[in-house]
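K.L.:
First the structure, which I've put down as structure tokens, then a few questions once you've had a look.
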Amino acid sequence: MAKVLVTGAAGFVGRHLVRRLLERGDEVHAVDSLAPLTGAIDPAAGWPFFEPRDHPQFNFTPADCRQFFQERLDDDFDYVIERVQELKRRHLDDERGDDTVLRAAHSLIDAHRNGSRGDLDTHVD
């Protein structure tokens, strides 16, 4: 079980990442500012098709990730998956659709789990 931080966790792609990580048994620390017009959904309101609060290893912090990092410098995460929204932005006009976005996100998780640092470009294109 890994301790994973996901920023942008309440958006479309972030919610799918959180779900996959929790299903694998990871401890997930989700951070999202829940800014208006971003598509982010507060976990307290429930997420479509998935209830993260049912998992005891789910932790949510409603904050801008910069604020989170300033206040939690001492946390030791095995993996930090940042800029989750970038996966979605790069494919907004992509004819391959959301399925490609999710495959890219899952590829990014798998690479991190296997010790590869990489970057989003490696896993999105």
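All residue names refer to the structure tokens as shown: chains lettered A, B, ... in order, residues numbered from 1 in each chain, ligands numbered from 1 in order.
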Which residues are close to Ala63 (chain A), i.e. within 9 Å by only C-alpha atoms, leaving aside same-chain residues fewer than 3 positions away? Reply as a list in words.
P.N.:
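Once the adjacent positions are removed, what remains is Val31, Asp32, Ser33, Leu34, Arg66, Gln67 and Phe68 of chain A.
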K.L.:
Which of these residues is nearest to Phe77 (chain A), using only C-alpha atoms: A:Val6, A:Ala35, A:Arg15, A:Cys65?
P.N.:
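So, comparing all the options, the nearest one is A:Val6.
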K.L.:
Enter the distance from CA of Thr38 (chain A) to CA of Pro56 (chain A), in Å, rounded to one decimal.
P.N.:
26.6 Å
K.L.:
Could you tell me how far CA of Phe60 (chain A) sits from CA of Ala44 (chain A), in Å to one decimal place?
P.N.:
9.4 Å
K.L.:
When you draw a straight line from CA of Phe69 (chain A) to CA of Thr7 (chain A), how long is it in Å?
P.N.:
10.4 Å
K.L.:
Excluding same-chain residues fewer than 2 positions from Phe50 (chain A), what lies within 12 Å of it counting only C-alpha atoms, as a PDB file with C-alpha atoms, in the first residue's frame?
P.N.:
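Contents of the output file around.pdb:
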ATOM      1  CA  ALA A  10     -12.052  16.375  -7.393  1.00  0.00           C
ATOM      2  CA  ARG A  15     -11.894  11.382  -9.401  1.00  0.00           C
ATOM      3  CA  HIS A  16     -11.042   8.438 -11.656  1.00  0.00           C
ATOM      4  CA  LEU A  17      -7.460   8.394 -10.408  1.00  0.00           C
ATOM      5  CA  VAL A  18      -8.610   8.478  -6.800  1.00  0.00           C
ATOM      6  CA  ARG A  19     -11.015   5.620  -7.428  1.00  0.00           C
ATOM      7  CA  ARG A  20      -8.367   3.448  -9.053  1.00  0.00           C
ATOM      8  CA  LEU A  22      -8.332   3.339  -3.552  1.00  0.00           C
ATOM      9  CA  GLU A  23      -9.397   0.138  -5.305  1.00  0.00           C
ATOM     10  CA  ILE A  41     -17.133  18.038  -7.142  1.00  0.00           C
ATOM     11  CA  PRO A  43     -16.625  14.616  -2.001  1.00  0.00           C
ATOM     12  CA  ALA A  45     -21.681  16.035  -1.962  1.00  0.00           C
ATOM     13  CA  GLY A  46     -20.907  12.551  -3.287  1.00  0.00           C
ATOM     14  CA  TRP A  47     -19.192  11.651  -6.540  1.00  0.00           C
ATOM     15  CA  PRO A  48     -21.048  10.057  -9.467  1.00  0.00           C
ATOM     16  CA  PRO A  52     -14.730   7.875  -1.805  1.00  0.00           C
ATOM     17  CA  ARG A  53     -15.835   8.465   1.787  1.00  0.00           C
ATOM     18  CA  ASP A  54     -16.624   4.743   2.017  1.00  0.00           C
ATOM     19  CA  HIS A  55     -12.875   4.109   1.990  1.00  0.00           C
TER      20      HIS A  55
END
K.L.:
Among region 41-73 of chain A, which residues carry a DSSP assignment of strand (DSSP E or B), reported as a list in words?
P.N.:
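Matching residues, listed in order: Trp47, Phe50, Phe58, Asn59, Phe60, Thr61 and Pro62 of chain A.
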K.L.:
Quick one: residues within 6 Å of Gly11 (chain A), only C-alpha atoms, excluding same-chain residues fewer than 2 positions away - as a PyMOL selection string?
P.N.:
chain A and resi 9+13-15+39-40
K.L.:
Write a file of the just-selected residues containing C-alpha atoms, as a short mmCIF file (atom, residue, chain, number, x, y, z; two decimals), in the first residue's frame.
P.N.:
data_model
loop_
_atom_site.label_atom_id
_atom_site.label_comp_id
_atom_site.auth_asym_id
_atom_site.auth_seq_id
_atom_site.Cartn_x
_atom_site.Cartn_y
_atom_site.Cartn_z
CA ALA A 9 -8.42 15.24 -7.24
CA VAL A 13 -9.78 12.78 -14.25
CA GLY A 14 -8.80 13.24 -10.60
CA ARG A 15 -11.89 11.38 -9.40
CA GLY A 39 -15.87 20.67 -12.86
CA ALA A 40 -14.62 19.76 -9.40
#
